[in-house]
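Structure data follow from data.txt (compact mmCIF, C-alpha atoms):
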```txt
# COMPACT_ATOMS: atom_id res chain seq x y z
CA MET A 9 204.37 94.61 122.56
CA PHE A 10 206.29 93.10 119.63
CA LEU A 11 203.89 92.74 116.67
CA PHE A 12 205.11 90.39 113.93
CA GLY A 13 203.65 88.82 110.82
CA VAL A 14 203.69 85.18 109.66
CA THR A 15 203.31 84.79 105.91
CA GLY A 16 204.42 82.65 102.97
CA GLY A 17 202.99 81.12 99.83
CA ILE A 18 199.78 79.07 99.82
CA GLY A 19 200.44 75.60 101.25
CA CYS A 20 203.76 76.51 102.93
CA GLY A 21 202.52 75.83 106.48
CA LYS A 22 201.79 79.27 107.99
CA SER A 23 198.93 77.88 110.08
CA ALA A 24 201.06 75.00 111.41
CA VAL A 25 203.77 77.48 112.46
CA CYS A 26 201.14 79.59 114.24
CA ARG A 27 199.71 76.52 116.03
CA PHE A 28 203.18 75.76 117.40
CA LEU A 29 203.64 79.42 118.41
CA LYS A 30 200.37 79.25 120.38
CA LYS A 31 201.93 76.42 122.44
CA HIS A 32 204.47 79.04 123.58
CA ALA A 33 201.51 81.24 124.64
CA VAL A 34 202.05 83.64 121.70
CA ALA A 35 198.80 85.44 120.77
CA ILE A 36 197.90 84.98 117.09
CA ILE A 37 195.49 87.07 114.99
CA ALA A 38 194.44 85.07 111.91
CA ALA A 39 193.67 87.45 109.02
CA ASP A 40 191.81 84.97 106.74
CA PRO A 41 188.89 84.11 109.05
CA LEU A 42 188.80 87.79 110.05
CA ALA A 43 188.48 88.85 106.38
CA LYS A 44 185.70 86.27 105.82
CA ASP A 45 183.83 87.45 108.90
CA LEU A 46 184.07 91.14 107.92
CA THR A 47 183.07 90.36 104.30
CA ASN A 48 179.96 88.59 105.59
CA ARG A 49 179.16 91.16 108.26
CA LEU A 50 179.98 94.66 107.02
CA PRO A 51 177.35 96.26 104.76
CA GLU A 52 179.94 98.56 103.15
CA ILE A 53 182.03 95.57 101.95
CA ARG A 54 178.90 93.76 100.76
CA ALA A 55 177.72 96.84 98.84
CA ALA A 56 181.13 97.44 97.22
CA LEU A 57 181.62 93.79 96.17
CA THR A 58 178.07 93.52 94.83
CA ALA A 59 178.45 96.79 92.88
CA GLU A 60 181.74 95.55 91.41
CA PHE A 61 180.94 91.90 90.67
CA GLY A 62 177.16 91.50 90.93
CA GLY A 63 175.09 89.42 93.33
CA GLN A 64 177.03 86.22 92.45
CA VAL A 65 179.59 86.81 95.23
CA TYR A 66 176.91 86.24 97.89
CA THR A 67 174.69 83.17 98.19
CA ALA A 68 170.88 83.21 98.14
CA ALA A 69 171.02 82.80 101.93
CA GLY A 70 173.06 86.01 102.14
CA GLY A 71 176.47 84.54 103.06
CA LEU A 72 179.69 85.06 101.14
CA ASN A 73 180.04 82.72 98.15
CA VAL A 74 183.66 81.80 98.92
CA ARG A 75 184.02 79.48 95.92
CA LYS A 76 182.79 82.12 93.45
CA LEU A 77 184.98 84.85 94.96
CA SER A 78 188.00 82.50 94.91
CA GLN A 79 187.41 81.71 91.23
CA LEU A 80 187.31 85.44 90.48
CA VAL A 81 190.44 86.43 92.36
CA PHE A 82 192.60 83.49 91.28
CA SER A 83 191.77 83.81 87.57
CA ASP A 84 191.79 87.60 87.12
CA ALA A 85 194.58 89.86 88.43
CA ALA A 86 192.48 93.05 88.05
CA ALA A 87 189.57 91.47 89.99
CA ARG A 88 192.01 90.32 92.67
CA ARG A 89 193.40 93.85 93.08
CA ARG A 90 189.89 95.30 93.31
CA VAL A 91 188.74 92.75 95.92
CA ASN A 92 191.86 93.47 97.98
CA GLN A 93 191.28 97.25 97.71
CA ILE A 94 187.75 96.76 99.04
CA ILE A 95 188.50 94.32 101.88
CA HIS A 96 192.06 95.04 103.09
CA PRO A 97 191.54 98.46 104.73
CA HIS A 98 188.80 96.98 106.95
CA VAL A 99 190.95 93.94 107.82
CA LEU A 100 193.98 96.11 108.69
CA ARG A 101 191.83 98.32 110.92
CA GLU A 102 190.44 95.28 112.76
CA ILE A 103 193.91 93.73 113.17
CA LYS A 104 195.16 96.97 114.76
CA LYS A 105 192.17 96.97 117.15
CA GLN A 106 192.71 93.35 118.13
CA ALA A 107 196.48 93.88 118.60
CA GLN A 108 195.83 96.86 120.90
CA ARG A 109 193.33 94.79 122.90
CA LEU A 110 195.82 91.90 123.24
CA ALA A 111 198.58 94.33 124.31
CA ALA A 112 196.25 95.83 126.94
CA GLN A 113 195.68 92.28 128.26
CA GLY A 114 199.43 91.96 128.82
CA ASN A 115 200.50 90.04 125.71
CA LYS A 116 204.09 90.91 124.85
CA LEU A 117 204.28 88.89 121.61
CA VAL A 118 201.45 89.12 119.06
CA GLY A 119 201.60 87.44 115.65
CA VAL A 120 199.46 88.17 112.59
CA GLU A 121 198.95 85.18 110.28
CA ALA A 122 198.20 86.57 106.81
CA ALA A 123 198.87 85.52 103.22
CA LEU A 124 199.16 89.06 101.82
CA ILE A 125 201.37 90.91 104.32
CA PHE A 126 203.72 92.36 101.67
CA GLU A 127 201.04 92.77 98.99
CA SER A 128 198.82 94.81 101.33
CA GLU A 129 201.87 96.70 102.69
CA MET A 130 200.91 95.55 106.19
CA ASN A 131 204.64 94.89 106.77
CA HIS A 132 205.13 98.64 107.34
CA THR A 133 202.97 98.42 110.49
CA LEU A 134 204.77 95.32 111.88
CA ASP A 135 207.99 95.01 113.88
CA ALA A 136 209.12 91.94 111.88
CA VAL A 137 207.89 89.48 109.24
CA VAL A 138 208.46 85.72 109.36
CA VAL A 139 208.18 83.93 105.99
CA VAL A 140 207.38 80.21 105.87
CA SER A 141 208.78 78.46 102.80
CA ALA A 142 208.23 74.91 101.52
CA PRO A 143 209.18 72.86 98.42
CA LEU A 144 206.68 73.17 95.57
CA GLU A 145 205.69 69.47 95.43
CA LYS A 146 205.07 69.39 99.18
CA ARG A 147 202.83 72.46 98.85
CA ILE A 148 200.85 70.91 95.97
CA GLU A 149 200.35 67.65 97.90
CA TRP A 150 199.20 69.48 101.03
CA ILE A 151 196.79 71.86 99.21
CA ARG A 152 195.32 68.93 97.25
CA LYS A 153 194.57 67.10 100.53
CA ARG A 154 193.16 70.21 102.22
CA ASP A 155 191.13 71.81 99.41
CA ASN A 156 190.53 68.90 97.01
CA LEU A 157 191.76 70.93 94.02
CA SER A 158 193.41 69.73 90.80
CA ARG A 159 197.13 70.29 90.21
CA GLU A 160 196.23 72.88 87.55
CA GLU A 161 194.00 74.84 89.96
CA ILE A 162 196.67 74.70 92.67
CA LEU A 163 199.40 75.98 90.31
CA LYS A 164 197.09 78.79 89.18
CA ARG A 165 196.66 79.85 92.83
CA ILE A 166 200.38 79.64 93.53
CA GLN A 167 201.17 81.69 90.40
CA SER A 168 198.59 84.32 91.36
CA GLN A 169 200.59 85.13 94.49
CA MET A 170 203.75 87.17 94.93
CA PRO A 171 206.71 84.80 94.21
CA LEU A 172 207.96 83.06 97.35
CA ALA A 173 211.56 84.06 96.51
CA GLU A 174 210.54 87.75 96.72
CA LYS A 175 208.88 87.22 100.11
CA ILE A 176 212.02 85.46 101.40
CA GLN A 177 214.15 88.45 100.33
CA LEU A 178 211.88 90.81 102.28
CA ALA A 179 211.68 88.58 105.39
CA ASP A 180 213.27 89.25 108.78
CA TYR A 181 213.20 85.51 109.56
CA VAL A 182 212.67 82.46 107.29
CA ILE A 183 211.42 79.00 108.27
CA GLU A 184 212.08 76.21 105.75
CA ASN A 185 209.19 73.77 106.16
CA ASP A 186 210.86 70.89 104.33
CA GLY A 187 210.64 68.05 106.86
CA SER A 188 208.21 66.47 109.32
CA LEU A 189 205.86 68.24 111.73
CA HIS A 190 208.33 67.33 114.48
CA ASP A 191 211.09 69.14 112.52
CA LEU A 192 208.80 72.15 112.06
CA SER A 193 208.02 72.24 115.79
CA ALA A 194 211.76 72.38 116.57
CA LYS A 195 212.21 75.24 114.07
CA VAL A 196 209.33 77.15 115.70
CA ASP A 197 211.06 76.70 119.09
CA GLU A 198 214.09 78.48 117.56
CA LEU A 199 211.83 81.19 116.12
CA TYR A 200 210.28 81.70 119.57
CA LEU A 201 213.73 82.26 121.12
CA TRP A 202 214.49 84.80 118.35
CA LEU A 203 211.21 86.62 119.08
CA ILE A 204 211.99 86.71 122.82
CA GLU A 205 215.37 88.30 122.03
CA LYS A 206 213.56 90.97 119.99
CA LEU A 207 211.32 91.98 122.91
```
Here is the file; what I need is its structure written in the form of structure tokens.
Amino acid sequence: MFLFGVTGGIGCGKSAVCRFLKKHAVAIIAADPLAKDLTNRLPEIRAALTAEFGGQVYTAAGGLNVRKLSQLVFSDAAARRRVNQIIHPHVLREIKKQAQRLAAQGNKLVGVEAALIFESEMNHTLDAVVVVSAPLEKRIEWIRKRDNLSREEILKRIQSQMPLAEKIQLADYVIENDGSLHDLSAKVDELYLWLIEKL
């Protein structure tokens, strides 16, 4: 099995790249929904987050208060580090389990879609990392449509992440998402051929 990561800055189009990879029958593990599920489900994460930030990070119904947690992590670097220290080890463990299960089912190519591959040092456990890049204004427009956030909030989120230029320097493969979805699909076709060569 060849295990690779797909990452990039917020709003660069990681998910779109992964959707096109799935059309080539590439198995994808999406880290974000996995992290949300574990944060809702695991008592040890719940206990650690509540001890650190109080009951505000969970709703009265008991689910994760995503908006409150997002506000915390995007406005406070120390809080962001602490949240990542609490959640990431569990997410990495689950990704490894799922990758082993997919390999046992005969999948030769498995991708991990995750925003924080370099920040969490997950790259050391992967065979390659693909970075998706996009022009800043395109990212802002896309995030505004998706999340209904102000330009100021979007820029704060972008600035809270590792600079895209640094991710590009660390990448094994870079996709420039600077055109139409049709253009992106063609670029993912080229990526797929590169991945096949790596097998």
(request) Skip Ser78 (chain A) itself and residues of its chain fewer than 4 positions away, then list as a ChimeraX atom specification all residues within 10 Å of it, counting only C-alpha atoms. (result) /A:65,73-74,82-83,88,165
Could you save the residues just selected, with C-alpha atoms, as a PDB file, keeping the file's coordinate frame?
```pdb
ATOM      1  CA  VAL A  65     179.590  86.810  95.230  1.00  0.00           C
ATOM      2  CA  ASN A  73     180.040  82.720  98.150  1.00  0.00           C
ATOM      3  CA  VAL A  74     183.660  81.800  98.920  1.00  0.00           C
ATOM      4  CA  PHE A  82     192.600  83.490  91.280  1.00  0.00           C
ATOM      5  CA  SER A  83     191.770  83.810  87.570  1.00  0.00           C
ATOM      6  CA  ARG A  88     192.010  90.320  92.670  1.00  0.00           C
ATOM      7  CA  ARG A 165     196.660  79.850  92.830  1.00  0.00           C
TER       8      ARG A 165
END
```
(request) Would you please work out which residue, of A:Leu178, A:Leu110, A:Leu192, A:Ala85, is nearest to Glu129 (chain A) when using only C-alpha atoms? (result)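 Answer, going by the shortest atom-to-atom distance: A:Leu178.
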Could I get the residues of region 55-159 of chain A with an atom no further than 6 Å from an atom of region 16-29 of chain A, each paired with its nearest atom pair and that distance in Å to one decimal, using only C-alpha atoms, sorted by chain and residue number, as CSV?
```
residue,atom,partner,partner_atom,distance
A:Val139,CA,A:Gly16,CA,5.0
A:Val140,CA,A:Gly16,CA,4.8
A:Ser141,CA,A:Cys20,CA,5.4
A:Ala142,CA,A:Cys20,CA,5.0
A:Arg147,CA,A:Gly19,CA,4.6
A:Ile151,CA,A:Gly19,CA,5.6
```
(request) Find the residue from A:Lys146, A:Glu174, A:Glu198, A:Asp155 that sits nearest to Asp186 (chain A); use all atoms listed in the file when measuring. (result) A:Lys146
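Taking CA of Leu157 (chain A) and CA of Arg49 (chain A) as the two end points, the separation is 27.8 Å.
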(message) Residues within 12 Å of (191.6, 79.3, 88.0), file coordinates, counting all atoms listed in the file: what are they? Give the list as a VMD selection string.
(response) chain A and resid 75 to 85 88 157 to 168
(request) Excluding His98 (chain A) and residues on its chain fewer than 5 positions from it, collect all residues at most 9 Å away from it, counting all atoms listed in the file, and give them as number ranges by chain. (result) A: 43, 46, 53, 103
(request) Tell me which of A:Phe126, A:Phe10, A:Phe61, A:Trp150 sits closest to Gln177 (chain A), counting only C-alpha atoms. (result)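 Answer, going by the shortest atom-to-atom distance: A:Phe126.
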(message) Which residue is closest to Ala59 (chain A)? Choose from A:Lys44, A:Ile94, A:Leu117, A:Ala173 and count all atoms listed in the file.
(response)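 Closest residue, counting all atoms listed in the file: A:Ile94.
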(message) For a quick check of understanding, using all atoms listed in the file, which of A:Tyr66, A:Pro143, A:Met9, A:Pro171 has the smallest distance to Gln113 (chain A)?
(response) A:Met9
(request) Considering only C-alpha atoms, state which residue in the set A:Leu50, A:Ile95, A:Val14, A:Ile204 is at the smallest distance from Lys116 (chain A). (result)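 With only C-alpha atoms as the atom set, the closest residue is A:Ile204.
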Mind listing as a PDB file with C-alpha atoms, in the coordinates of the input all residues within 6 Å of (204.2, 94.5, 116.0), counting all atoms listed in the file?
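Result file follows (result.pdb):
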```pdb
ATOM      1  CA  PHE A  10     206.290  93.100 119.630  1.00  0.00           C
ATOM      2  CA  LEU A  11     203.890  92.740 116.670  1.00  0.00           C
ATOM      3  CA  PHE A  12     205.110  90.390 113.930  1.00  0.00           C
ATOM      4  CA  LEU A 134     204.770  95.320 111.880  1.00  0.00           C
ATOM      5  CA  ASP A 135     207.990  95.010 113.880  1.00  0.00           C
TER       6      ASP A 135
END
```
(request) Using CA of Ala122 (chain A) and CA of Ala68 (chain A) as the two end points, give the distance in Å to one decimal. (result)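 Atom-to-atom, CA of Ala122 (chain A) to CA of Ala68 (chain A), that is 28.9 Å.
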(request) Have a look at CA of Glu102 (chain A) and CA of Pro51 (chain A) and let me know their distance in Å, one decimal. (result)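 So the two atoms, CA of Glu102 (chain A) and CA of Pro51 (chain A), lie 15.4 Å apart.
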